[in-house]
Amino acid sequence: MQETELEESVVMDESEIDRTLVRMAHQILEQNKGCQNLALVGIVTRGDVLAHRLAKLIEGIEGTQLPVGSLDISFYRDDSILNIAPVVQGTNILFSLDGKTIVLVDDVLYTGRTIRAALDALMDFGRPARIQLATLVDRGHRELPIRADFVGKNVPSASNESVRLLMESPAFEFRALLLVSMLALRH
């Protein structure tokens, strides 16, 4: 008989996540030569929290408050047929995307399918001049030709592993980033 067991290892702790976000905020500003005409849109549920954290850091660096939105991609996913009743969180973009540089933010980049869905969803809200992708973790295994412009950390992983960003609710403080492996145990 074969059983499975989960093995968790901490890839980044809270302070490493904080330092990584500071670095990413600086990289976003450097690549865009400041924050003029820049907005952040986070993919619900953890990408939007990351987008707000990055916006706060950028405001501390530049003294400018960026527009920040959240994007629910539930109805844009190509695997939605497998999920009969998706949990809809709601999109909150209260600014025009037209002509702006949009930094799309997510927690983990894996196959690229979430980002493809997010790009489709963004186009329903306007025509940005440019879209850049920021992700806390790139774990590889791409199925689509998508790459991030800003990566917090590359985390090599097997396809049977998962990477999870743990948050403390309701403060939405990041606790840790875990790599979860499924191990088969034989008895």
# chains A, B, ... in the order shown; residues from 1 in each chain; ligands from 1
call {"tool": "select_by_dssp", "arguments": {"residues": "chain A", "states": "strand (DSSP E)", "output": "short mmCIF file (atom, residue, chain, number, x, y, z; two decimals) with N, CA, C and O atoms, in the first residue's frame"}}
result
data_model
loop_
_atom_site.label_atom_id
_atom_site.label_comp_id
_atom_site.auth_asym_id
_atom_site.auth_seq_id
_atom_site.Cartn_x
_atom_site.Cartn_y
_atom_site.Cartn_z
N GLN A 2 0.46 2.25 -0.73
CA GLN A 2 1.26 3.46 -0.85
C GLN A 2 0.49 4.65 -0.29
O GLN A 2 -0.67 4.87 -0.61
N GLU A 3 1.12 5.39 0.60
CA GLU A 3 0.52 6.59 1.18
C GLU A 3 1.30 7.80 0.70
O GLU A 3 2.46 7.68 0.30
N THR A 4 0.68 8.95 0.76
CA THR A 4 1.40 10.18 0.43
C THR A 4 1.49 11.06 1.66
O THR A 4 0.62 11.06 2.52
N GLU A 5 2.57 11.76 1.71
CA GLU A 5 2.82 12.68 2.82
C GLU A 5 3.28 14.00 2.23
O GLU A 5 3.96 14.03 1.21
N LEU A 6 2.88 15.08 2.85
CA LEU A 6 3.32 16.39 2.40
C LEU A 6 4.56 16.81 3.17
O LEU A 6 4.61 16.67 4.39
N GLU A 7 5.53 17.30 2.45
CA GLU A 7 6.72 17.84 3.09
C GLU A 7 6.81 19.31 2.72
O GLU A 7 6.77 19.67 1.55
N GLU A 8 6.88 20.17 3.72
CA GLU A 8 6.94 21.60 3.48
C GLU A 8 8.33 22.12 3.84
O GLU A 8 8.89 21.75 4.86
N SER A 9 8.85 23.00 2.99
CA SER A 9 10.10 23.67 3.31
C SER A 9 9.93 25.16 3.03
O SER A 9 9.30 25.55 2.06
N VAL A 10 10.46 25.97 3.91
CA VAL A 10 10.34 27.42 3.78
C VAL A 10 11.36 27.90 2.76
O VAL A 10 12.56 27.69 2.91
N VAL A 11 10.87 28.53 1.71
CA VAL A 11 11.72 29.07 0.65
C VAL A 11 12.14 30.50 1.01
O VAL A 11 13.28 30.89 0.79
N MET A 12 11.20 31.27 1.54
CA MET A 12 11.47 32.64 1.98
C MET A 12 10.67 32.90 3.25
O MET A 12 9.50 32.56 3.31
N ASP A 13 11.32 33.51 4.23
CA ASP A 13 10.57 33.89 5.42
C ASP A 13 10.08 35.33 5.25
O ASP A 13 10.30 35.97 4.23
N LEU A 38 2.36 55.20 -14.54
CA LEU A 38 2.51 53.81 -14.11
C LEU A 38 1.34 53.46 -13.18
O LEU A 38 0.89 54.28 -12.38
N ALA A 39 0.84 52.24 -13.31
CA ALA A 39 -0.20 51.74 -12.41
C ALA A 39 0.06 50.26 -12.15
O ALA A 39 0.67 49.58 -12.97
N LEU A 40 -0.40 49.78 -11.01
CA LEU A 40 -0.25 48.37 -10.64
C LEU A 40 -1.61 47.70 -10.60
O LEU A 40 -2.58 48.29 -10.10
N VAL A 41 -1.69 46.49 -11.13
CA VAL A 41 -2.91 45.70 -11.06
C VAL A 41 -2.52 44.31 -10.58
O VAL A 41 -1.71 43.63 -11.22
N GLY A 42 -3.09 43.91 -9.45
CA GLY A 42 -2.78 42.60 -8.87
C GLY A 42 -3.86 41.59 -9.17
O GLY A 42 -5.05 41.91 -9.18
N ILE A 43 -3.44 40.36 -9.44
CA ILE A 43 -4.38 39.28 -9.69
C ILE A 43 -4.87 38.75 -8.35
O ILE A 43 -4.08 38.38 -7.48
N VAL A 68 -3.78 51.64 -8.00
CA VAL A 68 -3.66 50.20 -7.80
C VAL A 68 -5.04 49.58 -7.98
O VAL A 68 -6.02 50.08 -7.44
N GLY A 69 -5.08 48.49 -8.72
CA GLY A 69 -6.33 47.79 -8.92
C GLY A 69 -6.17 46.31 -8.65
O GLY A 69 -5.06 45.80 -8.52
N SER A 70 -7.32 45.63 -8.56
CA SER A 70 -7.30 44.18 -8.40
C SER A 70 -8.13 43.57 -9.52
O SER A 70 -9.15 44.13 -9.94
N LEU A 71 -7.67 42.43 -10.01
CA LEU A 71 -8.26 41.80 -11.18
C LEU A 71 -8.66 40.37 -10.87
O LEU A 71 -7.82 39.55 -10.48
N THR A 101 1.41 52.45 -18.44
CA THR A 101 2.21 51.24 -18.26
C THR A 101 1.61 50.53 -17.06
O THR A 101 1.59 51.08 -15.96
N ILE A 102 1.12 49.34 -17.29
CA ILE A 102 0.49 48.55 -16.23
C ILE A 102 1.46 47.47 -15.80
O ILE A 102 1.96 46.70 -16.62
N VAL A 103 1.73 47.42 -14.51
CA VAL A 103 2.52 46.32 -13.95
C VAL A 103 1.51 45.34 -13.37
O VAL A 103 0.83 45.63 -12.38
N LEU A 104 1.38 44.19 -14.02
CA LEU A 104 0.51 43.13 -13.58
C LEU A 104 1.27 42.33 -12.52
O LEU A 104 2.41 41.93 -12.75
N VAL A 105 0.65 42.11 -11.36
CA VAL A 105 1.35 41.50 -10.23
C VAL A 105 0.66 40.19 -9.83
O VAL A 105 -0.56 40.15 -9.67
N ASP A 106 1.47 39.15 -9.66
CA ASP A 106 0.97 37.87 -9.15
C ASP A 106 1.99 37.29 -8.19
O ASP A 106 3.15 37.70 -8.19
N ASP A 107 1.56 36.32 -7.40
CA ASP A 107 2.48 35.75 -6.42
C ASP A 107 3.39 34.69 -7.02
O ASP A 107 4.59 34.71 -6.80
N VAL A 108 2.83 33.75 -7.80
CA VAL A 108 3.63 32.65 -8.34
C VAL A 108 3.36 32.51 -9.84
O VAL A 108 2.20 32.41 -10.25
N LEU A 109 4.41 32.51 -10.63
CA LEU A 109 4.31 32.26 -12.06
C LEU A 109 4.66 30.80 -12.29
O LEU A 109 5.74 30.34 -11.91
N ARG A 130 1.59 49.67 -22.37
CA ARG A 130 2.51 48.56 -22.14
C ARG A 130 2.06 47.80 -20.90
O ARG A 130 1.53 48.40 -19.96
N ILE A 131 2.29 46.50 -20.90
CA ILE A 131 2.01 45.68 -19.73
C ILE A 131 3.29 44.95 -19.35
O ILE A 131 3.92 44.32 -20.20
N GLN A 132 3.66 45.07 -18.09
CA GLN A 132 4.82 44.36 -17.55
C GLN A 132 4.31 43.39 -16.49
O GLN A 132 3.25 43.60 -15.91
N LEU A 133 5.08 42.35 -16.24
CA LEU A 133 4.68 41.34 -15.27
C LEU A 133 5.68 41.30 -14.12
O LEU A 133 6.88 41.20 -14.34
N ALA A 134 5.15 41.37 -12.90
CA ALA A 134 5.96 41.23 -11.69
C ALA A 134 5.41 40.04 -10.91
O ALA A 134 4.20 39.94 -10.69
N THR A 135 6.30 39.15 -10.51
CA THR A 135 5.89 37.99 -9.74
C THR A 135 6.89 37.74 -8.62
O THR A 135 8.10 37.91 -8.81
N LEU A 136 6.38 37.38 -7.47
CA LEU A 136 7.26 37.11 -6.34
C LEU A 136 8.10 35.86 -6.61
O LEU A 136 9.28 35.83 -6.30
N VAL A 137 7.49 34.84 -7.23
CA VAL A 137 8.19 33.58 -7.49
C VAL A 137 7.94 33.12 -8.92
O VAL A 137 6.81 33.13 -9.40
N ASP A 138 9.02 32.72 -9.58
CA ASP A 138 8.91 32.04 -10.87
C ASP A 138 9.38 30.62 -10.64
O ASP A 138 10.53 30.38 -10.30
N PHE A 150 9.83 41.31 -13.81
CA PHE A 150 10.37 41.49 -12.46
C PHE A 150 10.08 40.23 -11.66
O PHE A 150 8.93 39.86 -11.47
N VAL A 151 11.14 39.56 -11.22
CA VAL A 151 11.00 38.30 -10.49
C VAL A 151 11.67 38.44 -9.14
O VAL A 151 12.84 38.83 -9.05
N GLY A 152 10.93 38.12 -8.10
CA GLY A 152 11.50 38.14 -6.75
C GLY A 152 12.50 37.02 -6.55
O GLY A 152 13.61 37.24 -6.10
N LYS A 153 12.09 35.81 -6.90
CA LYS A 153 12.97 34.65 -6.70
C LYS A 153 12.57 33.54 -7.68
O LYS A 153 11.39 33.28 -7.88
N ASN A 154 13.57 32.92 -8.26
CA ASN A 154 13.35 31.73 -9.07
C ASN A 154 13.42 30.53 -8.13
O ASN A 154 14.39 30.37 -7.39
N SER A 162 4.10 22.26 -5.11
CA SER A 162 3.41 23.54 -5.20
C SER A 162 4.17 24.57 -4.37
O SER A 162 4.92 24.23 -3.46
N VAL A 163 3.98 25.81 -4.73
CA VAL A 163 4.58 26.93 -4.00
C VAL A 163 3.43 27.76 -3.45
O VAL A 163 2.53 28.15 -4.19
N ARG A 164 3.44 28.00 -2.15
CA ARG A 164 2.34 28.71 -1.50
C ARG A 164 2.86 29.90 -0.72
O ARG A 164 3.82 29.79 0.05
N LEU A 165 2.20 31.03 -0.91
CA LEU A 165 2.49 32.24 -0.15
C LEU A 165 1.50 32.30 1.00
O LEU A 165 0.29 32.37 0.78
N LEU A 166 2.00 32.24 2.22
CA LEU A 166 1.14 32.25 3.40
C LEU A 166 0.98 33.67 3.90
O LEU A 166 1.95 34.40 4.03
N MET A 167 -0.28 34.05 4.20
CA MET A 167 -0.57 35.39 4.70
C MET A 167 -1.29 35.30 6.03
O MET A 167 -2.04 34.36 6.27
N GLU A 168 -1.03 36.29 6.87
CA GLU A 168 -1.76 36.43 8.12
C GLU A 168 -3.00 37.27 7.83
O GLU A 168 -2.89 38.36 7.30
N GLU A 173 -0.36 40.34 6.22
CA GLU A 173 1.10 40.32 6.31
C GLU A 173 1.57 38.96 5.83
O GLU A 173 0.98 37.94 6.16
N PHE A 174 2.64 38.95 5.06
CA PHE A 174 3.16 37.69 4.55
C PHE A 174 3.98 37.00 5.62
O PHE A 174 4.85 37.59 6.22
N ARG A 175 3.68 35.74 5.85
CA ARG A 175 4.41 34.95 6.84
C ARG A 175 5.58 34.22 6.22
O ARG A 175 6.69 34.27 6.73
N ALA A 176 5.31 33.52 5.13
CA ALA A 176 6.37 32.71 4.53
C ALA A 176 5.95 32.25 3.15
O ALA A 176 4.79 32.31 2.78
N LEU A 177 6.94 31.80 2.41
CA LEU A 177 6.73 31.18 1.12
C LEU A 177 7.18 29.74 1.26
O LEU A 177 8.31 29.48 1.67
N LEU A 178 6.27 28.81 0.98
CA LEU A 178 6.56 27.39 1.19
C LEU A 178 6.64 26.64 -0.13
O LEU A 178 5.89 26.92 -1.05
N LEU A 179 7.54 25.69 -0.20
CA LEU A 179 7.58 24.72 -1.27
C LEU A 179 7.02 23.43 -0.68
O LEU A 179 7.54 22.91 0.30
N VAL A 180 5.92 22.97 -1.24
CA VAL A 180 5.24 21.78 -0.71
C VAL A 180 5.47 20.63 -1.68
O VAL A 180 5.12 20.71 -2.85
N SER A 181 6.06 19.56 -1.17
CA SER A 181 6.34 18.37 -1.98
C SER A 181 5.44 17.23 -1.52
O SER A 181 5.23 17.05 -0.33
N MET A 182 4.94 16.48 -2.48
CA MET A 182 4.18 15.29 -2.15
C MET A 182 5.13 14.10 -2.26
O MET A 182 5.70 13.87 -3.31
N LEU A 183 5.30 13.42 -1.17
CA LEU A 183 6.19 12.27 -1.13
C LEU A 183 5.37 10.99 -1.05
O LEU A 183 4.41 10.91 -0.28
N ALA A 184 5.73 10.02 -1.83
CA ALA A 184 5.05 8.73 -1.77
C ALA A 184 5.79 7.85 -0.77
O ALA A 184 7.01 7.67 -0.86
N LEU A 185 5.08 7.33 0.20
CA LEU A 185 5.67 6.46 1.21
C LEU A 185 5.18 5.04 0.97
O LEU A 185 3.99 4.82 0.77
N ARG A 186 6.06 4.11 0.99
CA ARG A 186 5.66 2.71 0.80
C ARG A 186 5.72 2.00 2.16
O ARG A 186 6.63 2.17 2.92
#
call {"tool": "residues_around", "arguments": {"residues": "region 122-129 of chain A", "least_positions_apart": "4", "cutoff": "7 Å", "atoms": "only C-alpha atoms", "output": "PDB file with all heavy atoms, in the first residue's frame"}}
result
ATOM      1  N   SER A  96      -8.412  54.614 -15.500  1.00  0.00           N
ATOM      2  CA  SER A  96      -8.281  54.239 -16.902  1.00  0.00           C
ATOM      3  C   SER A  96      -6.924  53.567 -17.142  1.00  0.00           C
ATOM      4  O   SER A  96      -5.897  54.036 -16.660  1.00  0.00           O
ATOM      5  CB  SER A  96      -8.395  55.482 -17.788  1.00  0.00           C
ATOM      6  OG  SER A  96      -8.098  55.143 -19.130  1.00  0.00           O
ATOM      7  N   LEU A  97      -6.949  52.500 -17.901  1.00  0.00           N
ATOM      8  CA  LEU A  97      -5.720  51.818 -18.280  1.00  0.00           C
ATOM      9  C   LEU A  97      -5.125  52.413 -19.559  1.00  0.00           C
ATOM     10  O   LEU A  97      -3.951  52.189 -19.850  1.00  0.00           O
ATOM     11  CB  LEU A  97      -5.979  50.322 -18.532  1.00  0.00           C
ATOM     12  CG  LEU A  97      -6.590  49.497 -17.408  1.00  0.00           C
ATOM     13  CD1 LEU A  97      -6.723  48.041 -17.847  1.00  0.00           C
ATOM     14  CD2 LEU A  97      -5.794  49.593 -16.138  1.00  0.00           C
ATOM     15  N   ASP A  98      -5.927  53.150 -20.283  1.00  0.00           N
ATOM     16  CA  ASP A  98      -5.522  53.672 -21.590  1.00  0.00           C
ATOM     17  C   ASP A  98      -4.233  54.485 -21.507  1.00  0.00           C
ATOM     18  O   ASP A  98      -4.132  55.439 -20.733  1.00  0.00           O
ATOM     19  CB  ASP A  98      -6.636  54.535 -22.194  1.00  0.00           C
ATOM     20  CG  ASP A  98      -7.888  53.728 -22.509  1.00  0.00           C
ATOM     21  OD1 ASP A  98      -7.776  52.496 -22.656  1.00  0.00           O
ATOM     22  OD2 ASP A  98      -8.971  54.333 -22.605  1.00  0.00           O
ATOM     23  N   GLY A  99      -3.252  54.076 -22.302  1.00  0.00           N
ATOM     24  CA  GLY A  99      -1.997  54.801 -22.405  1.00  0.00           C
ATOM     25  C   GLY A  99      -1.039  54.630 -21.242  1.00  0.00           C
ATOM     26  O   GLY A  99       0.052  55.182 -21.267  1.00  0.00           O
ATOM     27  N   LYS A 100      -1.426  53.860 -20.222  1.00  0.00           N
ATOM     28  CA  LYS A 100      -0.562  53.682 -19.054  1.00  0.00           C
ATOM     29  C   LYS A 100       0.340  52.462 -19.207  1.00  0.00           C
ATOM     30  O   LYS A 100       0.061  51.547 -19.959  1.00  0.00           O
ATOM     31  CB  LYS A 100      -1.408  53.494 -17.796  1.00  0.00           C
ATOM     32  CG  LYS A 100      -2.050  54.742 -17.252  1.00  0.00           C
ATOM     33  CD  LYS A 100      -2.659  54.448 -15.904  1.00  0.00           C
ATOM     34  CE  LYS A 100      -3.187  55.644 -15.176  1.00  0.00           C
ATOM     35  NZ  LYS A 100      -3.693  56.733 -15.949  1.00  0.00           N
ATOM     36  N   THR A 101       1.415  52.452 -18.440  1.00  0.00           N
ATOM     37  CA  THR A 101       2.208  51.240 -18.257  1.00  0.00           C
ATOM     38  C   THR A 101       1.614  50.531 -17.055  1.00  0.00           C
ATOM     39  O   THR A 101       1.587  51.077 -15.957  1.00  0.00           O
ATOM     40  CB  THR A 101       3.691  51.571 -18.011  1.00  0.00           C
ATOM     41  OG1 THR A 101       4.226  52.182 -19.184  1.00  0.00           O
ATOM     42  CG2 THR A 101       4.486  50.315 -17.689  1.00  0.00           C
ATOM     43  N   ILE A 102       1.116  49.340 -17.290  1.00  0.00           N
ATOM     44  CA  ILE A 102       0.491  48.555 -16.229  1.00  0.00           C
ATOM     45  C   ILE A 102       1.464  47.468 -15.800  1.00  0.00           C
ATOM     46  O   ILE A 102       1.960  46.703 -16.625  1.00  0.00           O
ATOM     47  CB  ILE A 102      -0.818  47.892 -16.716  1.00  0.00           C
ATOM     48  CG1 ILE A 102      -1.797  48.932 -17.248  1.00  0.00           C
ATOM     49  CG2 ILE A 102      -1.438  47.035 -15.613  1.00  0.00           C
ATOM     50  CD1 ILE A 102      -2.266  49.946 -16.226  1.00  0.00           C
ATOM     51  N   ALA A 118      -5.280  36.818 -17.337  1.00  0.00           N
ATOM     52  CA  ALA A 118      -5.234  38.197 -16.829  1.00  0.00           C
ATOM     53  C   ALA A 118      -5.049  39.194 -17.971  1.00  0.00           C
ATOM     54  O   ALA A 118      -5.651  40.276 -17.959  1.00  0.00           O
ATOM     55  CB  ALA A 118      -4.113  38.340 -15.806  1.00  0.00           C
TER      56      ALA A 118
END
call {"tool": "atom_distance", "arguments": {"atom1": "CA of Gln27 (chain A)", "atom2": "CA of Asn92 (chain A)"}}
result
25.3 Å
call {"tool": "closest_residue", "arguments": {"among": "A:Tyr76, A:Val44, A:Arg53, A:Gln36", "to": "Leu21 (chain A)", "atoms": "only C-alpha atoms"}}
result
A:Arg53
call {"tool": "residues_around", "arguments": {"residues": "Pro145 (chain A)", "least_positions_apart": "3", "cutoff": "10 Å", "atoms": "only C-alpha atoms", "output": "PDB file with N, CA, C and O atoms, in the first residue's frame"}}
result
ATOM      1  N   THR A 111       2.610  27.918 -15.063  1.00  0.00           N
ATOM      2  CA  THR A 111       2.426  27.528 -16.466  1.00  0.00           C
ATOM      3  C   THR A 111       2.262  28.719 -17.393  1.00  0.00           C
ATOM      4  O   THR A 111       2.479  28.604 -18.590  1.00  0.00           O
ATOM      5  N   GLY A 112       1.825  29.840 -16.863  1.00  0.00           N
ATOM      6  CA  GLY A 112       1.563  31.026 -17.665  1.00  0.00           C
ATOM      7  C   GLY A 112       0.090  31.198 -17.987  1.00  0.00           C
ATOM      8  O   GLY A 112      -0.326  32.225 -18.512  1.00  0.00           O
ATOM      9  N   ARG A 113      -0.721  30.225 -17.656  1.00  0.00           N
ATOM     10  CA  ARG A 113      -2.143  30.285 -17.995  1.00  0.00           C
ATOM     11  C   ARG A 113      -2.899  31.348 -17.203  1.00  0.00           C
ATOM     12  O   ARG A 113      -3.807  31.986 -17.722  1.00  0.00           O
ATOM     13  N   ARG A 116      -2.060  34.616 -18.944  1.00  0.00           N
ATOM     14  CA  ARG A 116      -2.796  34.734 -20.206  1.00  0.00           C
ATOM     15  C   ARG A 116      -4.231  35.176 -19.943  1.00  0.00           C
ATOM     16  O   ARG A 116      -4.752  36.071 -20.595  1.00  0.00           O
ATOM     17  N   ARG A 142       6.682  26.426 -17.778  1.00  0.00           N
ATOM     18  CA  ARG A 142       5.802  27.211 -18.628  1.00  0.00           C
ATOM     19  C   ARG A 142       5.167  26.358 -19.724  1.00  0.00           C
ATOM     20  O   ARG A 142       5.817  25.536 -20.347  1.00  0.00           O
TER      21      ARG A 142
END
call {"tool": "select_by_dssp", "arguments": {"residues": "region 4-186 of chain A", "states": "alpha helix (DSSP H)", "output": "PyMOL selection string"}}
result
chain A and resi 14-31+47-62+113-123
call {"tool": "atom_distance", "arguments": {"atom1": "CA of Ile61 (chain A)", "atom2": "CA of Ala25 (chain A)"}}
result
8.6 Å
call {"tool": "closest_residue", "arguments": {"among": "A:Arg19, A:Asp149, A:Arg77, A:Ile93", "to": "Asn32 (chain A)", "atoms": "only C-alpha atoms"}}
result
A:Asp149
call {"tool": "atom_distance", "arguments": {"atom1": "CA of Ile28 (chain A)", "atom2": "CA of Leu54 (chain A)"}}
result
9.3 Å
call {"tool": "closest_residue", "arguments": {"among": "A:Val49, A:Leu94, A:Glu14, A:Glu59", "to": "Leu29 (chain A)", "atoms": "only C-alpha atoms"}}
result
A:Glu59
